[in-house]
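Asks: Pasting final_26.txt below, which is compact mmCIF, C-alpha atoms.
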```txt
# COMPACT_ATOMS: atom_id res chain seq x y z
CA MET A 1272 117.33 70.47 126.69
CA THR A 1273 116.14 70.79 130.27
CA ALA A 1274 112.55 70.43 131.39
CA ARG A 1275 110.88 73.10 133.44
CA SER A 1276 108.67 72.10 136.32
CA ASP A 1277 105.51 72.26 134.23
CA GLY A 1278 106.96 69.80 131.75
CA VAL A 1279 107.45 72.25 128.88
CA PRO A 1280 110.95 71.69 127.52
CA SER A 1281 113.14 74.73 127.27
CA GLN A 1282 116.56 75.21 125.85
CA GLU A 1283 119.47 77.13 127.28
CA TRP A 1284 120.68 79.49 124.59
CA SER A 1285 124.34 80.26 124.70
CA ALA A 1286 123.84 83.53 126.52
CA SER A 1287 127.17 85.19 126.09
CA GLY A 1288 128.44 88.62 125.26
CA PRO A 1289 125.98 91.06 123.72
CA TYR A 1290 123.20 88.51 123.35
CA ASP A 1291 122.35 88.41 127.10
CA LEU A 1292 120.38 91.59 126.83
CA ARG A 1293 118.38 90.32 123.90
CA GLU A 1294 117.51 87.15 125.70
CA THR A 1295 116.10 89.03 128.64
CA LEU A 1296 114.25 91.51 126.50
CA LEU A 1297 112.69 89.14 124.02
CA SER A 1298 110.23 86.38 124.61
CA THR A 1299 111.42 82.86 125.26
CA PRO A 1300 113.14 81.51 122.18
CA ALA A 1301 111.17 78.47 121.12
CA ILE A 1302 111.86 75.87 118.50
CA PRO A 1303 108.36 75.83 117.02
CA LEU A 1304 108.43 72.62 115.02
CA LEU A 1305 110.17 70.66 117.73
CA LEU A 1306 107.66 71.77 120.32
CA ALA A 1307 104.80 71.19 117.93
CA ALA A 1308 106.04 67.67 117.32
CA GLU A 1309 106.00 67.09 121.06
CA GLY A 1310 102.37 68.21 121.12
CA ASP A 1311 102.22 70.72 123.95
CA GLY A 1312 99.02 72.13 122.45
CA GLU A 1313 100.12 75.74 122.21
CA PHE A 1314 101.10 77.74 119.17
CA HIS A 1315 104.58 79.23 119.36
CA ALA A 1316 105.03 81.93 116.78
CA PRO A 1317 108.52 82.65 115.46
CA THR A 1318 110.28 85.48 117.26
CA VAL A 1319 113.20 87.75 116.58
CA ALA A 1320 115.33 85.20 118.44
CA ASP A 1321 115.22 83.12 115.24
CA PHE A 1322 117.85 85.49 113.91
CA PHE A 1323 120.21 84.82 116.78
CA PRO A 1324 120.74 81.05 116.71
CA PRO A 1325 123.21 79.35 119.06
CA ALA A 1326 126.86 79.53 118.09
CA ILE A 1327 128.62 76.62 116.44
CA PHE A 1328 132.21 77.79 116.89
CA PHE A 1329 134.01 80.62 118.68
CA GLU A 1330 131.19 81.32 121.06
CA GLY A 1331 131.44 84.60 122.91
CA THR A 1332 133.93 86.24 120.57
CA PRO A 1333 133.23 88.76 117.81
CA PHE A 1334 133.93 85.95 115.32
CA GLU A 1335 131.07 83.83 116.58
CA PHE A 1336 130.11 81.34 113.88
CA ASN A 1337 126.46 80.38 113.93
CA ARG A 1338 123.97 78.92 111.50
CA ILE A 1339 123.43 82.22 109.69
CA MET A 1340 127.16 82.66 109.07
CA LEU A 1341 127.20 79.11 107.75
CA VAL A 1342 124.39 79.96 105.33
CA ARG A 1343 126.32 83.03 104.18
CA VAL A 1344 129.47 80.99 103.62
CA ILE A 1345 127.54 78.40 101.61
CA ALA A 1346 125.90 81.12 99.50
CA ALA A 1347 129.24 82.79 98.84
CA VAL A 1348 130.83 79.49 97.80
CA VAL A 1349 127.93 78.77 95.45
CA LEU A 1350 128.15 82.24 93.92
CA LEU A 1351 131.89 81.97 93.33
CA THR A 1352 131.59 78.46 91.92
CA VAL A 1353 128.88 79.44 89.46
CA PHE A 1354 130.78 82.44 88.13
CA VAL A 1355 134.15 80.70 87.99
CA ILE A 1356 132.64 77.85 86.02
CA ALA A 1357 130.84 80.26 83.67
CA ALA A 1358 134.01 82.27 83.09
CA ARG A 1359 136.34 79.31 82.61
CA ARG A 1360 134.31 77.72 79.88
CA ALA A 1361 133.33 80.94 78.12
CA LYS A 1362 132.79 80.34 74.41
CA LEU A 1363 131.95 82.84 71.72
CA VAL A 1364 128.61 81.17 71.08
CA PRO A 1365 127.27 80.56 74.57
CA GLY A 1366 125.72 77.32 75.73
CA ARG A 1367 122.67 77.30 78.02
CA PHE A 1368 124.46 77.83 81.33
CA GLN A 1369 126.68 80.60 80.03
CA ASN A 1370 123.64 82.14 78.38
CA ALA A 1371 121.78 82.29 81.66
CA ILE A 1372 124.68 83.96 83.45
CA GLU A 1373 125.08 86.37 80.54
CA MET A 1374 121.40 87.24 80.79
CA ILE A 1375 121.81 88.25 84.42
CA LEU A 1376 124.91 90.31 83.74
CA ASP A 1377 123.32 91.88 80.67
CA PHE A 1378 120.35 92.86 82.75
CA VAL A 1379 122.60 94.57 85.29
CA ARG A 1380 124.65 96.29 82.62
CA ASN A 1381 121.79 97.56 80.47
CA SER A 1382 118.95 98.15 82.89
CA ILE A 1383 120.99 99.34 85.85
CA ALA A 1384 124.46 100.54 84.92
CA ILE A 1385 124.02 102.09 81.50
CA GLU A 1386 120.45 103.28 82.00
CA VAL A 1387 121.29 105.29 85.11
CA LEU A 1388 124.94 106.19 84.66
CA GLY A 1389 125.21 106.47 80.89
CA GLU A 1390 127.64 104.63 78.61
CA LYS A 1391 131.00 105.68 80.00
CA ASN A 1392 130.34 105.64 83.73
CA GLY A 1393 128.03 102.68 83.33
CA ARG A 1394 130.82 100.49 82.05
CA LYS A 1395 133.21 101.86 84.65
CA TYR A 1396 130.98 101.01 87.60
CA PHE A 1397 129.50 97.87 86.09
CA MET A 1398 131.59 95.47 88.17
CA LEU A 1399 130.57 97.13 91.42
CA LEU A 1400 126.90 97.01 90.48
CA ALA A 1401 127.05 93.42 89.25
CA THR A 1402 128.76 92.28 92.45
CA ILE A 1403 126.25 94.07 94.64
CA PHE A 1404 123.30 92.72 92.64
CA CYS A 1405 124.50 89.12 92.60
CA THR A 1406 125.59 89.12 96.25
CA VAL A 1407 122.30 90.53 97.52
CA LEU A 1408 120.33 88.22 95.22
CA ILE A 1409 121.98 85.03 96.36
CA MET A 1410 122.02 86.00 100.04
CA ASN A 1411 118.31 86.83 99.85
CA ILE A 1412 117.41 83.67 97.97
CA THR A 1413 118.73 81.44 100.77
CA SER A 1414 115.65 82.44 102.76
CA VAL A 1415 113.55 80.12 100.58
CA VAL A 1416 116.08 77.36 99.94
CA PRO A 1417 114.72 74.28 101.79
CA PHE A 1418 117.45 73.39 104.29
CA LEU A 1419 118.88 76.86 104.72
CA ASN A 1420 115.63 78.71 105.46
CA ILE A 1421 117.24 81.98 106.53
CA ALA A 1422 118.42 84.89 104.42
CA GLY A 1423 122.08 85.77 104.76
CA THR A 1424 121.02 89.41 104.71
CA SER A 1425 118.51 89.08 107.53
CA VAL A 1426 121.06 89.95 110.22
CA ILE A 1427 122.44 93.44 110.09
CA GLY A 1428 126.10 92.67 109.44
CA LEU A 1429 125.94 91.94 105.71
CA PRO A 1430 123.66 94.85 104.76
CA ILE A 1431 125.97 97.17 106.69
CA VAL A 1432 128.99 95.91 104.76
CA LEU A 1433 127.28 96.40 101.39
CA ALA A 1434 125.91 99.82 102.33
CA LEU A 1435 129.33 100.93 103.57
CA TRP A 1436 130.85 99.87 100.26
CA THR A 1437 128.26 101.93 98.38
CA TYR A 1438 128.81 104.85 100.79
CA VAL A 1439 132.57 104.91 100.32
CA MET A 1440 132.20 104.52 96.57
CA TYR A 1441 129.78 107.36 96.01
CA LEU A 1442 131.63 109.73 98.34
CA GLY A 1443 134.91 108.80 96.71
CA ALA A 1444 133.51 109.19 93.20
CA GLY A 1445 132.09 112.60 94.08
CA VAL A 1446 135.36 113.81 95.58
CA LYS A 1447 137.33 112.52 92.62
CA ALA A 1448 135.02 114.12 90.07
CA GLN A 1449 134.52 117.49 91.71
CA GLY A 1450 137.04 117.87 94.51
CA VAL A 1451 136.06 117.98 98.17
CA GLY A 1452 134.83 121.57 98.10
CA GLY A 1453 133.01 121.20 94.80
CA PHE A 1454 131.35 117.96 95.89
CA LEU A 1455 130.13 119.46 99.17
CA LYS A 1456 128.89 122.56 97.43
CA ASN A 1457 126.98 120.63 94.78
CA SER A 1458 125.45 118.16 97.24
CA LEU A 1459 124.61 120.43 100.12
CA PHE A 1460 123.68 123.58 98.19
CA PRO A 1461 121.43 122.49 95.34
CA PRO A 1462 121.34 125.17 92.67
CA GLY A 1463 118.23 127.10 91.70
CA VAL A 1464 117.04 127.66 95.26
CA PRO A 1465 116.45 131.12 96.85
CA PRO A 1466 119.39 131.65 99.26
CA VAL A 1467 117.24 132.06 102.34
CA LEU A 1468 115.95 128.49 102.01
CA TYR A 1469 119.50 127.17 102.38
CA ILE A 1470 119.16 127.46 106.16
CA LEU A 1471 116.49 124.79 106.01
CA LEU A 1472 117.80 122.85 103.08
CA VAL A 1473 121.47 122.38 103.96
CA PRO A 1474 120.97 120.39 107.20
CA ILE A 1475 118.41 118.20 105.44
CA GLU A 1476 120.73 117.59 102.51
CA PHE A 1477 123.61 116.89 104.86
CA LEU A 1478 121.56 114.31 106.73
CA GLN A 1479 120.43 112.82 103.42
CA VAL A 1480 123.83 112.46 101.79
CA PHE A 1481 125.94 111.47 104.75
CA ILE A 1482 123.63 109.58 107.07
CA LEU A 1483 120.28 108.66 105.63
CA ARG A 1484 121.38 107.12 102.34
CA PRO A 1485 123.51 104.32 103.80
CA ALA A 1486 121.14 103.91 106.76
CA THR A 1487 118.10 103.46 104.56
CA LEU A 1488 119.97 101.05 102.31
CA VAL A 1489 120.69 98.90 105.37
CA ILE A 1490 117.22 99.13 106.88
CA ARG A 1491 115.40 98.52 103.60
CA LEU A 1492 117.28 95.29 102.89
CA LEU A 1493 117.28 94.08 106.50
CA ALA A 1494 113.63 94.75 107.28
CA ASN A 1495 112.41 93.21 104.02
CA MET A 1496 114.30 89.99 104.72
CA VAL A 1497 113.33 89.85 108.42
CA ALA A 1498 109.66 90.44 107.66
CA GLY A 1499 109.69 87.86 104.85
CA HIS A 1500 111.29 85.21 107.02
CA LEU A 1501 108.86 85.83 109.89
CA MET A 1502 105.87 85.61 107.54
CA LEU A 1503 107.09 82.35 106.01
CA ALA A 1504 107.85 80.93 109.44
CA ILE A 1505 104.41 81.91 110.76
CA CYS A 1506 102.63 80.31 107.80
CA PHE A 1507 104.48 77.02 108.00
CA THR A 1508 104.46 76.84 111.79
CA ALA A 1509 100.71 77.46 111.72
CA THR A 1510 100.29 74.70 109.14
CA SER A 1511 102.22 72.27 111.32
CA PHE A 1512 100.28 73.36 114.40
CA PHE A 1513 96.90 73.00 112.75
CA LEU A 1514 97.64 69.67 111.12
CA PHE A 1515 99.21 67.97 114.14
CA ASP A 1516 98.10 69.71 117.29
CA SER A 1517 94.64 71.07 116.94
CA ALA A 1518 91.25 69.55 117.61
CA GLY A 1519 89.13 67.99 114.84
CA ALA A 1520 87.65 70.57 112.51
CA MET A 1521 90.47 73.07 113.07
CA LYS A 1522 92.69 70.88 110.94
CA LEU A 1523 91.03 72.37 107.88
CA PHE A 1524 92.75 75.65 108.66
CA GLY A 1525 96.00 73.83 108.10
CA ALA A 1526 95.18 73.56 104.42
CA GLY A 1527 94.50 77.29 104.29
CA THR A 1528 97.77 78.24 105.97
CA PHE A 1529 99.64 75.84 103.69
CA VAL A 1530 98.28 77.60 100.60
CA ALA A 1531 99.15 80.93 102.19
CA GLY A 1532 102.63 79.58 102.89
CA PHE A 1533 103.08 78.62 99.27
CA ALA A 1534 101.86 82.01 98.09
CA PHE A 1535 104.28 83.69 100.48
CA PHE A 1536 107.07 81.49 99.20
CA LEU A 1537 106.53 82.80 95.67
CA PHE A 1538 106.22 86.35 96.98
CA GLU A 1539 109.45 85.94 98.92
CA VAL A 1540 111.33 84.89 95.78
CA PHE A 1541 110.00 88.02 94.07
CA VAL A 1542 110.97 90.23 97.01
CA ALA A 1543 114.48 88.72 97.08
CA ALA A 1544 115.05 89.63 93.45
CA LEU A 1545 113.37 93.02 93.83
CA GLN A 1546 115.53 94.00 96.82
CA ALA A 1547 118.66 93.04 94.92
CA TYR A 1548 117.50 95.22 92.01
CA VAL A 1549 116.60 98.12 94.30
CA PHE A 1550 119.94 98.02 96.16
CA ALA A 1551 121.87 97.98 92.89
CA ILE A 1552 119.84 100.70 91.23
CA LEU A 1553 120.02 102.98 94.25
CA THR A 1554 123.78 102.51 94.30
CA ALA A 1555 123.81 103.51 90.64
CA VAL A 1556 121.59 106.53 91.31
CA TYR A 1557 123.77 107.73 94.20
CA LEU A 1558 126.90 107.28 92.11
CA ASN A 1559 125.27 109.21 89.29
CA MET A 1560 124.29 112.04 91.60
CA SER A 1561 127.85 112.25 92.88
CA VAL A 1562 129.56 112.09 89.55
CA GLU A 1563 127.55 114.38 87.34
CA ALA A 1564 128.06 118.03 88.15
CA GLU A 1565 124.91 120.08 88.47
CA HIS A 1566 124.78 122.53 85.65
CA MET B 1429 95.71 110.67 144.87
CA ASP B 1430 95.40 107.24 143.29
CA VAL B 1431 94.73 107.14 139.58
CA THR B 1432 91.97 104.73 138.66
CA THR B 1433 92.62 102.79 135.53
CA LEU B 1434 89.42 102.62 133.57
CA ALA B 1435 90.61 100.59 130.63
CA GLU B 1436 93.88 98.98 129.68
CA VAL B 1437 95.48 97.62 126.56
CA SER B 1438 98.35 95.26 127.14
CA GLY B 1439 100.91 93.71 124.88
CA ASN B 1440 103.43 95.10 122.47
CA ILE B 1441 102.62 98.63 121.37
CA GLY B 1442 105.00 98.14 118.47
CA THR B 1443 102.23 96.43 116.56
CA ILE B 1444 100.02 99.51 116.80
CA GLY B 1445 103.02 101.63 115.84
CA TYR B 1446 103.61 99.59 112.73
CA GLY B 1447 99.94 99.76 111.80
CA LEU B 1448 100.04 103.54 111.99
CA ALA B 1449 103.30 103.64 110.11
CA ALA B 1450 101.90 101.63 107.23
CA VAL B 1451 99.09 104.09 106.40
CA GLY B 1452 101.22 106.79 104.80
CA PRO B 1453 103.43 104.57 102.67
CA GLY B 1454 100.37 102.59 101.62
CA ILE B 1455 98.74 105.70 100.23
CA GLY B 1456 102.05 106.89 98.81
CA LEU B 1457 102.76 103.64 96.99
CA GLY B 1458 99.25 103.62 95.58
CA ILE B 1459 99.63 107.11 94.18
CA LEU B 1460 103.14 106.42 92.89
CA ILE B 1461 102.36 103.20 91.09
CA GLY B 1462 99.04 104.52 89.82
CA LYS B 1463 100.70 107.53 88.28
CA THR B 1464 103.30 105.32 86.68
CA ILE B 1465 100.63 103.16 85.10
CA GLU B 1466 98.90 106.29 83.87
CA GLY B 1467 102.14 107.56 82.38
CA MET B 1468 102.82 104.23 80.71
CA ALA B 1469 99.35 104.30 79.19
CA ARG B 1470 99.89 107.77 77.76
CA GLN B 1471 103.37 107.12 76.40
CA PRO B 1472 104.22 103.45 76.03
CA GLU B 1473 107.59 104.16 74.44
CA VAL B 1474 109.06 105.57 77.69
CA SER B 1475 107.66 102.61 79.62
CA SER B 1476 111.01 101.26 80.78
CA GLN B 1477 112.26 104.62 82.05
CA LEU B 1478 109.02 105.09 83.95
CA ARG B 1479 109.37 101.62 85.40
CA THR B 1480 112.91 102.28 86.58
CA THR B 1481 111.95 105.55 88.22
CA MET B 1482 108.96 103.85 89.80
CA PHE B 1483 111.17 101.24 91.45
CA ILE B 1484 113.44 103.93 92.82
CA GLY B 1485 110.41 105.78 94.20
CA ILE B 1486 108.99 102.59 95.69
CA ALA B 1487 112.26 101.98 97.51
CA PHE B 1488 112.13 105.38 99.21
CA VAL B 1489 108.47 105.15 100.16
CA GLU B 1490 108.70 101.60 101.50
CA VAL B 1491 111.56 102.55 103.80
CA LEU B 1492 109.18 104.59 105.93
CA ALA B 1493 106.92 101.61 106.51
CA LEU B 1494 109.90 99.40 107.23
CA LEU B 1495 111.26 101.92 109.74
CA GLY B 1496 107.95 101.54 111.59
CA LEU B 1497 108.38 97.78 111.58
CA VAL B 1498 111.97 97.93 112.77
CA ALA B 1499 111.32 100.54 115.46
CA GLY B 1500 109.10 98.04 117.23
CA PHE B 1501 112.04 95.67 117.56
CA ILE B 1502 114.84 98.14 118.27
CA VAL B 1503 113.13 99.94 121.11
CA PRO B 1504 112.62 97.32 123.82
CA ALA B 1505 108.99 96.71 124.75
```
Turn the structure described in the file into structure tokens.
Replies:
Amino acid sequence: MTARSDGVPSQEWSASGPYDLRETLLSTPAIPLLLAAEGDGEFHAPTVADFFPPAIFFEGTPFEFNRIMLVRVIAAVVLLTVFVIAARRAKLVPGRFQNAIEMILDFVRNSIAIEVLGEKNGRKYFMLLATIFCTVLIMNITSVVPFLNIAGTSVIGLPIVLALWTYVMYLGAGVKAQGVGGFLKNSLFPPGVPPVLYILLVPIEFLQVFILRPATLVIRLLANMVAGHLMLAICFTATSFFLFDSAGAMKLFGAGTFVAGFAFFLFEVFVAALQAYVFAILTAVYLNMSVEAEH
Amino acid sequence: MDVTTLAEVSGNIGTIGYGLAAVGPGIGLGILIGKTIEGMARQPEVSSQLRTTMFIGIAFVEVLALLGLVAGFIVPA
């Protein structure tokens, strides 16, 4: 850390590759708690730079490994460990741990796969939906886990991967069920519409099916996690600021922001689960729309 | 001819943009969830189907508000 002339410590971020532009465009990346602990008397709110931490390995390459990638790797290892353990020791009459895992998978199968896709297709696409649900859930949950503090899905890479998987799957399912021509005709030319309206409707449907569905899947997941992290960070940074750095009576506000922080923590857990459910059920809905032919 | 600035607002206009963007989805979500509650009250036996459809609808409506939030970050100030 180097000190600027006015004594406020600043840190050189590893400005390399595509991140140079962000550094110049965004406000100074600050480490709020560190600065608060040094008592410089000013409140530094979290910024978007929180989502671009310095690299640990492979700086400057596309394979840059930073704290968020580390969180994702940890979450993936935990997910695999939990399911491998549950599957290895599977008994006919489940114990508590196996029961809990079965509850999650049952929820995905009944409320998402079979409810939207029906019996046959529901069982066929169940594995896809369960993987998407569990992956999004555990990557979102890391935003409230104490030492991880950042959601694996709060940087755009992971939502893009999941949305691309959904995209390829529903296009592929549609082509397989109805052929390329039939799929395009059923998606782009909805039946029961006066032919003259097709001029307006076809470009909209084209944008919907081929561009907007994956894009909105990405943005919905990403923006929810970014906003949640920023809100949590603001609440807890404000608590630290009020309790340590502010004059006399202002310290009372620290209690208020702490309560708000706790409330937001609970809300964030709910949003994590809800976004996993929404991603999975939208995947199921898009698959259903591709696979069933319009009568 | 010099233009005289009478009043000025400085800072990130993305915050105003998000505020405007949140009005529509706020109303939309209220209507959507309200109608679902009404439907559940009329016909409790289809409650779970209504709930599922409500979540799908919420996802679409919320995207518009989130686009407003994200646009403030994507487009540089």
Asks: What are the residues of chain B that have an atom within 7 Å of an atom of chain A, counting all atoms listed in the file, as an NGL selection string?
Replies: :B and (1483-1484 or 1487 or 1491 or 1494 or 1498 or 1504)
Asks: So how many Å separate atom CA of A:Leu1435 and atom CA of A:Ala1486, to one decimal?
Replies: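 If I compute the distance from atom CA of A:Leu1435 to atom CA of A:Ala1486, I get 9.3 Å.
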Asks: Could you work out how far atom CA of A:Ser1511 lies from atom CA of A:Val1426, giving the answer in Å with one decimal?
Replies: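 Those two atoms sit 25.9 Å apart.
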Asks: Enter the distance from atom CA of A:Val1415 to atom CA of B:Ala1449, in Å, rounded to one decimal.
Replies: 27.4 Å
Asks: For B:Leu1492, which residue out of B:Ile1441, B:Ile1465, B:Val1431, B:Leu1448 is the nearest one, using all atoms listed in the file?
Replies: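 Closest candidate: B:Leu1448.
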Asks: Which of these, B:Thr1433, B:Gly1439, B:Ala1450, B:Ile1455, has the shortest distance to B:Leu1495 once you count only C-alpha atoms?
Replies: B:Ala1450
Asks: Given the point (110.0, 87.6, 99.2) in the file's coordinates, find the residues that have an atom at most 9 Å from it, counting all atoms listed in the file, and give them as a PyMOL selection string.
Replies: chain A and resi 1411-1412+1414-1415+1495-1496+1498-1500+1535-1546
Asks: Pick from B:Met1468, B:Leu1478, B:Val1489, B:Ile1502: nearest to B:Gly1442, with all atoms listed in the file counted?
Replies: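 Checking each of B:Met1468, B:Leu1478, B:Val1489, B:Ile1502 against B:Gly1442, counting all atoms listed in the file, the winner is B:Ile1502.
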Asks: Show which residues sit within 10 Å of A:Arg1380, as an MDAnalysis selection string. Count only C-alpha atoms, and ignore same-chain residues fewer than 4 positions away.
Replies: chainID A and resid 1374:1376 1384:1387 1390 1393:1394 1396:1398 1400:1401
Asks: Which polymer residues, protein or nucleic acid, are no farther than 10 Å from (127.0, 109.4, 101.0), counting all atoms listed in the file, as number ranges by chain?
Replies: A: 1434-1435, 1437-1443, 1445, 1458, 1477-1486, 1557-1558, 1561
